[in-house]
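File shown here: data.cif, holding mmCIF, N, CA and C atoms and all ligand atoms.
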data_input
loop_
_atom_site.label_atom_id
_atom_site.label_comp_id
_atom_site.auth_asym_id
_atom_site.auth_seq_id
_atom_site.Cartn_x
_atom_site.Cartn_y
_atom_site.Cartn_z
N MET A 1 1.50 -26.74 -80.09
CA MET A 1 2.72 -27.55 -79.99
C MET A 1 3.90 -26.78 -80.61
N PRO A 2 4.99 -26.56 -79.88
CA PRO A 2 6.08 -25.74 -80.40
C PRO A 2 6.87 -26.40 -81.52
N THR A 3 6.91 -27.75 -81.54
CA THR A 3 7.68 -28.45 -82.56
C THR A 3 7.06 -28.22 -83.93
N THR A 4 7.86 -27.83 -84.90
CA THR A 4 7.29 -27.62 -86.23
C THR A 4 7.88 -28.57 -87.27
N ALA A 5 9.21 -28.67 -87.32
CA ALA A 5 9.82 -29.51 -88.36
C ALA A 5 10.27 -30.85 -87.78
N ILE A 6 9.89 -31.90 -88.48
CA ILE A 6 10.24 -33.26 -88.05
C ILE A 6 11.00 -33.95 -89.17
N ALA A 7 12.23 -34.41 -88.86
CA ALA A 7 13.00 -35.21 -89.82
C ALA A 7 12.61 -36.66 -89.62
N LEU A 8 12.36 -37.34 -90.72
CA LEU A 8 11.79 -38.69 -90.67
C LEU A 8 12.53 -39.58 -91.66
N ALA A 9 12.84 -40.81 -91.24
CA ALA A 9 13.45 -41.77 -92.17
C ALA A 9 13.23 -43.18 -91.65
N SER A 10 13.51 -44.15 -92.49
CA SER A 10 13.33 -45.56 -92.12
C SER A 10 14.38 -46.39 -92.85
N ASP A 11 14.32 -47.70 -92.60
CA ASP A 11 14.97 -48.63 -93.52
C ASP A 11 13.83 -49.39 -94.22
N HIS A 12 14.16 -50.48 -94.92
CA HIS A 12 13.12 -51.22 -95.65
C HIS A 12 12.06 -51.79 -94.70
N ALA A 13 12.49 -52.20 -93.49
CA ALA A 13 11.56 -52.81 -92.54
C ALA A 13 10.59 -51.79 -91.96
N GLY A 14 10.98 -50.53 -91.98
CA GLY A 14 10.10 -49.49 -91.44
C GLY A 14 9.44 -48.66 -92.51
N PHE A 15 9.73 -48.98 -93.77
CA PHE A 15 9.30 -48.12 -94.88
C PHE A 15 7.79 -47.89 -94.92
N GLU A 16 7.02 -48.97 -94.81
CA GLU A 16 5.57 -48.82 -94.95
C GLU A 16 5.00 -47.90 -93.87
N GLN A 17 5.42 -48.11 -92.64
CA GLN A 17 4.91 -47.23 -91.56
C GLN A 17 5.46 -45.82 -91.72
N LYS A 18 6.69 -45.69 -92.19
CA LYS A 18 7.26 -44.35 -92.41
C LYS A 18 6.40 -43.56 -93.39
N GLN A 19 5.95 -44.20 -94.44
CA GLN A 19 5.11 -43.53 -95.43
C GLN A 19 3.79 -43.07 -94.79
N GLN A 20 3.21 -43.98 -94.00
CA GLN A 20 1.92 -43.66 -93.36
C GLN A 20 2.09 -42.56 -92.32
N LEU A 21 3.18 -42.64 -91.56
CA LEU A 21 3.40 -41.64 -90.51
C LEU A 21 3.73 -40.28 -91.10
N ALA A 22 4.43 -40.26 -92.22
CA ALA A 22 4.75 -38.98 -92.88
C ALA A 22 3.46 -38.27 -93.28
N ALA A 23 2.55 -39.02 -93.89
CA ALA A 23 1.28 -38.42 -94.34
C ALA A 23 0.47 -37.95 -93.14
N TRP A 24 0.43 -38.75 -92.10
CA TRP A 24 -0.34 -38.40 -90.90
C TRP A 24 0.25 -37.17 -90.20
N LEU A 25 1.57 -37.13 -90.07
CA LEU A 25 2.20 -35.96 -89.41
C LEU A 25 1.94 -34.68 -90.20
N ALA A 26 1.98 -34.78 -91.52
CA ALA A 26 1.70 -33.60 -92.35
C ALA A 26 0.26 -33.14 -92.14
N GLN A 27 -0.65 -34.10 -92.07
CA GLN A 27 -2.07 -33.78 -91.80
C GLN A 27 -2.24 -33.09 -90.46
N GLU A 28 -1.40 -33.49 -89.50
CA GLU A 28 -1.45 -32.92 -88.15
C GLU A 28 -0.83 -31.52 -88.09
N GLY A 29 -0.25 -31.08 -89.20
CA GLY A 29 0.26 -29.71 -89.28
C GLY A 29 1.76 -29.55 -89.13
N PHE A 30 2.49 -30.65 -89.05
CA PHE A 30 3.94 -30.56 -88.93
C PHE A 30 4.59 -30.41 -90.30
N GLU A 31 5.75 -29.75 -90.30
CA GLU A 31 6.58 -29.74 -91.51
C GLU A 31 7.38 -31.04 -91.48
N VAL A 32 7.13 -31.91 -92.44
CA VAL A 32 7.77 -33.22 -92.46
C VAL A 32 8.92 -33.23 -93.45
N ARG A 33 10.12 -33.50 -92.96
CA ARG A 33 11.30 -33.61 -93.82
C ARG A 33 11.60 -35.10 -93.97
N ASP A 34 11.03 -35.70 -95.01
CA ASP A 34 11.18 -37.13 -95.25
C ASP A 34 12.52 -37.38 -95.94
N LEU A 35 13.45 -37.99 -95.20
CA LEU A 35 14.81 -38.19 -95.71
C LEU A 35 14.99 -39.57 -96.36
N GLY A 36 13.87 -40.26 -96.56
CA GLY A 36 13.93 -41.50 -97.32
C GLY A 36 13.90 -42.74 -96.44
N PRO A 37 14.04 -43.90 -97.07
CA PRO A 37 14.21 -44.10 -98.50
C PRO A 37 12.90 -43.87 -99.26
N ALA A 38 13.01 -43.85 -100.60
CA ALA A 38 11.84 -43.59 -101.43
C ALA A 38 11.13 -44.87 -101.82
N THR A 39 11.77 -46.02 -101.61
CA THR A 39 11.14 -47.32 -101.91
C THR A 39 11.45 -48.27 -100.76
N ASP A 40 10.86 -49.48 -100.84
CA ASP A 40 11.12 -50.46 -99.78
C ASP A 40 12.30 -51.38 -100.10
N ALA A 41 13.16 -50.95 -101.02
CA ALA A 41 14.36 -51.75 -101.33
C ALA A 41 15.27 -51.81 -100.10
N ARG A 42 16.01 -52.90 -99.96
CA ARG A 42 16.84 -53.14 -98.79
C ARG A 42 17.91 -52.04 -98.64
N VAL A 43 17.99 -51.45 -97.48
CA VAL A 43 19.00 -50.41 -97.19
C VAL A 43 19.57 -50.66 -95.80
N ASP A 44 20.59 -49.92 -95.44
CA ASP A 44 21.23 -50.07 -94.13
C ASP A 44 20.78 -48.95 -93.20
N TYR A 45 20.18 -49.33 -92.07
CA TYR A 45 19.59 -48.33 -91.17
C TYR A 45 20.56 -47.26 -90.64
N PRO A 46 21.87 -47.56 -90.42
CA PRO A 46 22.72 -46.48 -89.90
C PRO A 46 22.82 -45.28 -90.84
N ASP A 47 22.73 -45.53 -92.15
CA ASP A 47 22.82 -44.42 -93.11
C ASP A 47 21.67 -43.43 -92.90
N TYR A 48 20.49 -43.94 -92.59
CA TYR A 48 19.32 -43.08 -92.43
C TYR A 48 19.25 -42.49 -91.02
N ALA A 49 19.70 -43.27 -90.04
CA ALA A 49 19.74 -42.73 -88.67
C ALA A 49 20.66 -41.51 -88.62
N ALA A 50 21.80 -41.59 -89.29
CA ALA A 50 22.76 -40.48 -89.28
C ALA A 50 22.17 -39.24 -89.94
N GLN A 51 21.45 -39.41 -91.02
CA GLN A 51 20.86 -38.25 -91.71
C GLN A 51 19.85 -37.52 -90.83
N VAL A 52 18.98 -38.30 -90.19
CA VAL A 52 17.97 -37.68 -89.31
C VAL A 52 18.65 -37.04 -88.11
N ALA A 53 19.62 -37.72 -87.53
CA ALA A 53 20.33 -37.18 -86.36
C ALA A 53 20.96 -35.83 -86.71
N ARG A 54 21.57 -35.74 -87.87
CA ARG A 54 22.24 -34.49 -88.26
C ARG A 54 21.24 -33.38 -88.56
N GLU A 55 20.08 -33.74 -89.07
CA GLU A 55 19.03 -32.71 -89.28
C GLU A 55 18.62 -32.09 -87.95
N VAL A 56 18.57 -32.92 -86.91
CA VAL A 56 18.16 -32.44 -85.60
C VAL A 56 19.27 -31.61 -84.96
N THR A 57 20.50 -32.11 -85.00
CA THR A 57 21.58 -31.36 -84.33
C THR A 57 21.93 -30.07 -85.09
N SER A 58 21.64 -30.01 -86.38
CA SER A 58 21.89 -28.78 -87.14
C SER A 58 20.81 -27.73 -86.89
N GLY A 59 19.68 -28.17 -86.34
CA GLY A 59 18.57 -27.25 -86.11
C GLY A 59 17.58 -27.20 -87.26
N ALA A 60 17.85 -27.95 -88.32
CA ALA A 60 16.92 -27.98 -89.46
C ALA A 60 15.59 -28.59 -89.05
N ALA A 61 15.64 -29.50 -88.08
CA ALA A 61 14.42 -30.10 -87.54
C ALA A 61 14.49 -30.06 -86.02
N GLN A 62 13.32 -29.95 -85.41
CA GLN A 62 13.28 -29.91 -83.94
C GLN A 62 13.24 -31.32 -83.34
N ARG A 63 12.70 -32.27 -84.08
CA ARG A 63 12.62 -33.66 -83.63
C ARG A 63 12.92 -34.60 -84.79
N GLY A 64 13.40 -35.79 -84.44
CA GLY A 64 13.65 -36.82 -85.44
C GLY A 64 12.82 -38.06 -85.16
N VAL A 65 12.35 -38.68 -86.21
CA VAL A 65 11.58 -39.92 -86.10
C VAL A 65 12.21 -40.95 -87.03
N LEU A 66 12.56 -42.10 -86.47
CA LEU A 66 13.19 -43.18 -87.23
C LEU A 66 12.35 -44.44 -87.09
N VAL A 67 12.22 -45.19 -88.17
CA VAL A 67 11.47 -46.45 -88.11
C VAL A 67 12.30 -47.55 -88.76
N CYS A 68 12.58 -48.61 -88.01
CA CYS A 68 13.18 -49.81 -88.61
C CYS A 68 12.38 -51.00 -88.11
N GLY A 69 12.92 -52.21 -88.19
CA GLY A 69 12.16 -53.38 -87.77
C GLY A 69 11.78 -53.28 -86.31
N THR A 70 12.78 -53.04 -85.47
CA THR A 70 12.56 -52.95 -84.02
C THR A 70 12.67 -51.52 -83.48
N GLY A 71 13.42 -50.68 -84.18
CA GLY A 71 13.79 -49.35 -83.66
C GLY A 71 15.12 -49.39 -82.93
N ILE A 72 15.61 -50.58 -82.63
CA ILE A 72 16.82 -50.70 -81.81
C ILE A 72 18.06 -50.21 -82.56
N GLY A 73 18.26 -50.72 -83.77
CA GLY A 73 19.45 -50.33 -84.53
C GLY A 73 19.46 -48.84 -84.84
N MET A 74 18.30 -48.31 -85.16
CA MET A 74 18.20 -46.87 -85.45
C MET A 74 18.61 -46.05 -84.23
N ALA A 75 18.15 -46.45 -83.04
CA ALA A 75 18.49 -45.69 -81.82
C ALA A 75 19.98 -45.79 -81.52
N ILE A 76 20.53 -46.98 -81.65
CA ILE A 76 21.97 -47.15 -81.37
C ILE A 76 22.79 -46.27 -82.31
N ALA A 77 22.43 -46.28 -83.58
CA ALA A 77 23.18 -45.49 -84.57
C ALA A 77 23.00 -43.99 -84.34
N ALA A 78 21.77 -43.55 -84.13
CA ALA A 78 21.52 -42.10 -83.98
C ALA A 78 22.25 -41.55 -82.76
N ASN A 79 22.36 -42.36 -81.71
CA ASN A 79 23.03 -41.89 -80.49
C ASN A 79 24.54 -41.71 -80.64
N LYS A 80 25.08 -42.12 -81.78
CA LYS A 80 26.51 -41.87 -82.05
C LYS A 80 26.77 -40.43 -82.45
N ILE A 81 25.71 -39.71 -82.82
CA ILE A 81 25.88 -38.32 -83.26
C ILE A 81 25.78 -37.41 -82.03
N PRO A 82 26.83 -36.63 -81.74
CA PRO A 82 26.80 -35.77 -80.55
C PRO A 82 25.59 -34.84 -80.56
N GLY A 83 24.95 -34.75 -79.40
CA GLY A 83 23.78 -33.89 -79.27
C GLY A 83 22.47 -34.62 -79.43
N VAL A 84 22.55 -35.86 -79.91
CA VAL A 84 21.32 -36.64 -80.09
C VAL A 84 21.04 -37.47 -78.84
N ARG A 85 19.77 -37.45 -78.44
CA ARG A 85 19.29 -38.33 -77.38
C ARG A 85 18.12 -39.11 -77.99
N ALA A 86 18.46 -40.27 -78.53
CA ALA A 86 17.46 -41.08 -79.23
C ALA A 86 16.96 -42.19 -78.32
N ALA A 87 15.66 -42.39 -78.31
CA ALA A 87 15.05 -43.44 -77.48
C ALA A 87 14.23 -44.37 -78.35
N ASN A 88 14.43 -45.66 -78.13
CA ASN A 88 13.65 -46.71 -78.81
C ASN A 88 12.38 -46.94 -77.98
N ILE A 89 11.24 -46.61 -78.55
CA ILE A 89 10.00 -46.52 -77.78
C ILE A 89 8.91 -47.42 -78.34
N THR A 90 8.23 -48.16 -77.42
CA THR A 90 7.14 -49.02 -77.85
C THR A 90 5.82 -48.74 -77.11
N SER A 91 5.79 -47.70 -76.28
CA SER A 91 4.51 -47.37 -75.61
C SER A 91 4.39 -45.85 -75.46
N PRO A 92 3.17 -45.33 -75.49
CA PRO A 92 2.97 -43.89 -75.30
C PRO A 92 3.52 -43.40 -73.97
N GLN A 93 3.41 -44.22 -72.92
CA GLN A 93 3.91 -43.80 -71.60
C GLN A 93 5.42 -43.60 -71.62
N PHE A 94 6.13 -44.50 -72.25
CA PHE A 94 7.59 -44.35 -72.33
C PHE A 94 7.96 -43.15 -73.21
N ALA A 95 7.14 -42.87 -74.22
CA ALA A 95 7.41 -41.70 -75.07
C ALA A 95 7.35 -40.43 -74.23
N ALA A 96 6.35 -40.33 -73.37
CA ALA A 96 6.22 -39.15 -72.50
C ALA A 96 7.40 -39.06 -71.54
N LEU A 97 7.80 -40.20 -70.97
CA LEU A 97 8.91 -40.19 -70.02
C LEU A 97 10.24 -39.87 -70.71
N ALA A 98 10.39 -40.32 -71.94
CA ALA A 98 11.62 -40.01 -72.69
C ALA A 98 11.74 -38.51 -72.93
N ARG A 99 10.61 -37.84 -73.08
CA ARG A 99 10.63 -36.39 -73.23
C ARG A 99 10.80 -35.71 -71.86
N GLU A 100 9.98 -36.10 -70.91
CA GLU A 100 9.95 -35.42 -69.61
C GLU A 100 11.26 -35.59 -68.85
N HIS A 101 11.81 -36.79 -68.82
CA HIS A 101 13.01 -37.05 -68.02
C HIS A 101 14.31 -36.93 -68.80
N ASN A 102 14.28 -37.32 -70.08
CA ASN A 102 15.53 -37.45 -70.85
C ASN A 102 15.67 -36.41 -71.95
N ASP A 103 14.67 -35.59 -72.14
CA ASP A 103 14.68 -34.60 -73.22
C ASP A 103 15.08 -35.25 -74.55
N ALA A 104 14.52 -36.42 -74.81
CA ALA A 104 14.83 -37.13 -76.06
C ALA A 104 14.45 -36.25 -77.25
N ASN A 105 15.36 -36.16 -78.21
CA ASN A 105 15.06 -35.35 -79.40
C ASN A 105 14.86 -36.21 -80.65
N VAL A 106 15.12 -37.48 -80.53
CA VAL A 106 14.88 -38.43 -81.63
C VAL A 106 14.17 -39.65 -81.05
N ILE A 107 13.18 -40.16 -81.79
CA ILE A 107 12.48 -41.36 -81.36
C ILE A 107 12.66 -42.44 -82.42
N ALA A 108 12.91 -43.65 -81.97
CA ALA A 108 13.10 -44.77 -82.89
C ALA A 108 11.96 -45.77 -82.67
N LEU A 109 11.20 -46.02 -83.72
CA LEU A 109 9.98 -46.83 -83.64
C LEU A 109 10.17 -48.18 -84.33
N SER A 110 9.35 -49.13 -83.93
CA SER A 110 9.34 -50.45 -84.56
C SER A 110 8.23 -50.53 -85.60
N GLY A 111 8.62 -50.79 -86.83
CA GLY A 111 7.64 -50.95 -87.90
C GLY A 111 7.13 -52.39 -88.00
N ARG A 112 7.82 -53.33 -87.34
CA ARG A 112 7.44 -54.74 -87.47
C ARG A 112 6.67 -55.28 -86.28
N PHE A 113 6.86 -54.69 -85.11
CA PHE A 113 6.28 -55.28 -83.89
C PHE A 113 5.29 -54.36 -83.18
N VAL A 114 5.14 -53.14 -83.68
CA VAL A 114 4.21 -52.18 -83.08
C VAL A 114 3.28 -51.69 -84.19
N SER A 115 1.98 -51.65 -83.89
CA SER A 115 1.01 -51.27 -84.92
C SER A 115 1.12 -49.79 -85.28
N LEU A 116 0.61 -49.46 -86.46
CA LEU A 116 0.59 -48.07 -86.89
C LEU A 116 -0.20 -47.21 -85.90
N GLU A 117 -1.32 -47.73 -85.43
CA GLU A 117 -2.15 -46.95 -84.51
C GLU A 117 -1.40 -46.65 -83.21
N THR A 118 -0.70 -47.65 -82.69
CA THR A 118 0.08 -47.42 -81.46
C THR A 118 1.23 -46.45 -81.73
N ASN A 119 1.88 -46.58 -82.87
CA ASN A 119 2.97 -45.64 -83.18
C ASN A 119 2.46 -44.21 -83.32
N LYS A 120 1.24 -44.04 -83.81
CA LYS A 120 0.66 -42.68 -83.85
C LYS A 120 0.44 -42.15 -82.43
N GLN A 121 -0.04 -43.02 -81.55
CA GLN A 121 -0.24 -42.60 -80.15
C GLN A 121 1.11 -42.27 -79.50
N ILE A 122 2.12 -43.06 -79.82
CA ILE A 122 3.47 -42.82 -79.29
C ILE A 122 3.97 -41.45 -79.77
N LEU A 123 3.78 -41.17 -81.05
CA LEU A 123 4.25 -39.89 -81.59
C LEU A 123 3.48 -38.71 -81.01
N THR A 124 2.19 -38.88 -80.82
CA THR A 124 1.39 -37.81 -80.20
C THR A 124 1.96 -37.48 -78.82
N SER A 125 2.29 -38.52 -78.07
CA SER A 125 2.85 -38.33 -76.74
C SER A 125 4.24 -37.69 -76.81
N PHE A 126 5.06 -38.21 -77.71
CA PHE A 126 6.44 -37.70 -77.86
C PHE A 126 6.46 -36.22 -78.27
N LEU A 127 5.56 -35.87 -79.17
CA LEU A 127 5.59 -34.51 -79.74
C LEU A 127 4.85 -33.48 -78.89
N SER A 128 4.12 -33.92 -77.88
CA SER A 128 3.36 -32.96 -77.07
C SER A 128 3.87 -32.85 -75.64
N THR A 129 4.80 -33.70 -75.23
CA THR A 129 5.28 -33.67 -73.84
C THR A 129 6.52 -32.80 -73.72
N PRO A 130 6.48 -31.80 -72.85
CA PRO A 130 7.67 -30.96 -72.66
C PRO A 130 8.72 -31.62 -71.76
N PHE A 131 9.94 -31.14 -71.85
CA PHE A 131 11.01 -31.58 -70.96
C PHE A 131 10.68 -31.09 -69.54
N GLY A 132 10.98 -31.92 -68.54
CA GLY A 132 10.64 -31.59 -67.16
C GLY A 132 11.54 -30.56 -66.52
N GLU A 133 12.72 -30.31 -67.12
CA GLU A 133 13.69 -29.36 -66.55
C GLU A 133 14.07 -29.77 -65.12
N GLY A 134 14.47 -28.80 -64.26
CA GLY A 134 14.79 -29.10 -62.87
C GLY A 134 15.87 -30.15 -62.73
N ARG A 135 15.63 -31.15 -61.87
CA ARG A 135 16.63 -32.19 -61.62
C ARG A 135 16.98 -32.96 -62.89
N HIS A 136 16.03 -33.04 -63.81
CA HIS A 136 16.29 -33.78 -65.05
C HIS A 136 17.32 -33.06 -65.92
N ALA A 137 17.32 -31.74 -65.83
CA ALA A 137 18.26 -30.95 -66.65
C ALA A 137 19.71 -31.24 -66.24
N ASP A 138 19.94 -31.39 -64.93
CA ASP A 138 21.30 -31.69 -64.47
C ASP A 138 21.76 -33.04 -65.01
N ARG A 139 20.86 -34.01 -65.02
CA ARG A 139 21.21 -35.36 -65.49
C ARG A 139 21.44 -35.38 -67.00
N VAL A 140 20.60 -34.65 -67.72
CA VAL A 140 20.79 -34.59 -69.17
C VAL A 140 22.11 -33.87 -69.51
N ALA A 141 22.45 -32.86 -68.72
CA ALA A 141 23.74 -32.18 -68.93
C ALA A 141 24.88 -33.17 -68.72
N LYS A 142 24.73 -34.08 -67.77
CA LYS A 142 25.78 -35.08 -67.54
C LYS A 142 25.89 -36.06 -68.72
N ILE A 143 24.76 -36.34 -69.38
CA ILE A 143 24.82 -37.17 -70.58
C ILE A 143 25.65 -36.45 -71.64
N GLY A 144 25.39 -35.15 -71.80
CA GLY A 144 26.15 -34.36 -72.78
C GLY A 144 27.64 -34.35 -72.47
N ALA A 145 27.96 -34.31 -71.18
CA ALA A 145 29.37 -34.28 -70.78
C ALA A 145 30.09 -35.60 -71.08
N LEU A 146 29.35 -36.65 -71.31
CA LEU A 146 29.96 -37.95 -71.65
C LEU A 146 30.46 -37.98 -73.10
N GLU A 147 29.96 -37.05 -73.92
CA GLU A 147 30.29 -37.09 -75.36
C GLU A 147 31.75 -36.70 -75.58
C1 LIG B 201 16.47 -55.21 -90.81
O1 LIG B 201 16.29 -56.56 -91.10
C2 LIG B 201 16.51 -55.01 -89.30
O2 LIG B 201 17.68 -55.54 -88.78
C3 LIG B 201 16.37 -53.54 -88.98
O3 LIG B 201 15.22 -53.05 -89.52
C4 LIG B 201 16.31 -53.17 -87.50
O4 LIG B 201 15.30 -53.90 -86.85
C5 LIG B 201 17.56 -53.16 -86.76
O5 LIG B 201 17.63 -52.80 -85.57
#
Mind turning this structure into structure tokens?
Ligand code: RB5
Amino acid sequence: MPTTAIALASDHAGFEQKQQLAAWLAQEGFEVRDLGPATDARVDYPDYAAQVAREVTSGAAQRGVLVCGTGIGMAIAANKIPGVRAANITSPQFAALAREHNDANVIALSGRFVSLETNKQILTSFLSTPFGEGRHADRVAKIGALE
């Protein structure tokens, strides 16, 4: 798998799964850049989405993983950072399509409505599926042109 560094963060609602996923990703051989939070105290998800998004666009990480209650707020916030294509994903199949068709570089997961086991399967799919290139590249370029 070419991806090596993964920037990871959550809010309080995603904290528990973020901790579990960080340990699991490290076991799987990835360099995990855990950007917090360090406890489950209440925080605001846009602050963490922005940090992960900037790690990815700076090149410090090849992929970003965000966990909040639904993943929705994290995805909305991360997509405000130019160069980020964040997808809120709840199934392994959509994770593969987000990579293959959309070249998603950040994934936003639900810590409250999706199990840890399913989120691991989603991440496996997200981190192992290459971009499809070809016709998809033209469309992704048009997304970039909207920024
Ligand atoms: C926090 O209560 C919740 O709003 C947040 O985790 C997330 O689900 C937002 O999209």
> So which bits of chain A end up helix (DSSP H, G or I) when you DSSP the backbone, as a VMD selection string?
Replying inline: chain A and resid 12 to 27 45 to 58 72 to 78 92 to 100 116 to 128 135 to 145
>> As an exercise, work out the distance from CA of Val84 in chain A to atom C of Gln27 in chain A in Å and give it to one decimal place.
In response: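 Going from CA of Val84 in chain A over to atom C of Gln27 in chain A covers 26.0 Å.
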Output, as lines of an AutoDock Vina configuration file, the centre and edge lengths in Å (one decimal) of the axis-aligned box that contains all listed atoms of range 85-94 of chain A with 4 Å of margin on each side.
center_x = 11.4
center_y = -43.2
center_z = -75.4
size_x = 24.8
size_y = 19.6
size_z = 15.6
>> With only C-alpha atoms as the counted atoms, please give the residues lying no more than 10 Å from range 60-62 of chain A, apart from itself and same-chain residues fewer than 3 positions off, as a list in words.
In response: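 Near range 60-62 of chain A, the qualifying residues are Pro2, Thr3, Thr4, Ala5, Ile6, Ala7, Leu8, Glu31, Val32, Arg33, Val52, Ala53, Arg54, Glu55, Val56, Thr57, Asn105, Val106 and Leu127 of chain A.
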>> Within 6 Å of ligand LIG 201 (chain B) (counting only C-alpha atoms and all ligand atoms), which residues show up? I'd like them as an MDAnalysis selection string.
In response: chainID A and resid 11 13 68:74
Could you save the residues just selected, with N, CA and C atoms, as a CSV table (one decimal), in the coordinates of the input?
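Full text of again21.csv as output:
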chain,number,residue,atom,x,y,z
A,11,ASP,N,14.3,-47.7,-92.6
A,11,ASP,CA,15.0,-48.6,-93.5
A,11,ASP,C,13.8,-49.4,-94.2
A,13,ALA,N,12.5,-52.2,-93.5
A,13,ALA,CA,11.6,-52.8,-92.5
A,13,ALA,C,10.6,-51.8,-92.0
A,68,CYS,N,12.6,-48.6,-88.0
A,68,CYS,CA,13.2,-49.8,-88.6
A,68,CYS,C,12.4,-51.0,-88.1
A,69,GLY,N,12.9,-52.2,-88.2
A,69,GLY,CA,12.2,-53.4,-87.8
A,69,GLY,C,11.8,-53.3,-86.3
A,70,THR,N,12.8,-53.0,-85.5
A,70,THR,CA,12.6,-53.0,-84.0
A,70,THR,C,12.7,-51.5,-83.5
A,71,GLY,N,13.4,-50.7,-84.2
A,71,GLY,CA,13.8,-49.4,-83.7
A,71,GLY,C,15.1,-49.4,-82.9
A,72,ILE,N,15.6,-50.6,-82.6
A,72,ILE,CA,16.8,-50.7,-81.8
A,72,ILE,C,18.1,-50.2,-82.6
A,73,GLY,N,18.3,-50.7,-83.8
A,73,GLY,CA,19.4,-50.3,-84.5
A,73,GLY,C,19.5,-48.8,-84.8
A,74,MET,N,18.3,-48.3,-85.2
A,74,MET,CA,18.2,-46.9,-85.4
A,74,MET,C,18.6,-46.0,-84.2
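Atom pair atom N of Phe15 in chain A / atom C of Val65 in chain A has a distance of 10.8 Å (rounded to one decimal).
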> Which is closest to Ile143 in chain A among A:Ala104, A:Ala78, A:Ala22, A:Leu116, if we use only C-alpha atoms?
Replying inline: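 Distance minimum relative to Ile143 in chain A lands on A:Ala104.
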>> Ranking A:Pro130, A:Gly29, A:Gly64, A:Pro82 by minimum distance to Ile107 in chain A and counting all atoms listed in the file, which one comes first?
In response: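 Looking at the shortest contact to Ile107 in chain A, the residue is A:Gly64.
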> Interatomic distance between atom C of Gln93 in chain A and atom C of Phe113 in chain A?
Replying inline: 15.8 Å
>> Could you pull out the strand (DSSP E or B) residues of range 1-77 of chain A, going by DSSP on the backbone, and write them as an MDAnalysis selection string?
In response: chainID A and resid 5:10 31:34 63:68
>> as a VMD selection string, please: the residues near Ala49 in chain A (cut-off 7 Å, all atoms listed in the file, same-chain neighbours under 6 positions excluded).
In response: chain A and resid 9 to 10 66 74 to 75 77 to 78
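Distances here use only N, CA and C atoms; by that measure, the residue among A:Asn119, A:Asn102, A:Arg112, A:Asp40 closest to Leu21 in chain A is A:Asn119.
Distance check against Glu117 in chain A using only C-alpha atoms: of A:Thr90, A:Gly144, A:Ala50, A:Thr39, the minimum falls on A:Thr90.
Closest approach to Arg42 in chain A among A:Gln17, A:Leu97, A:His12, A:Phe126: A:His12, based on only N, CA and C atoms.
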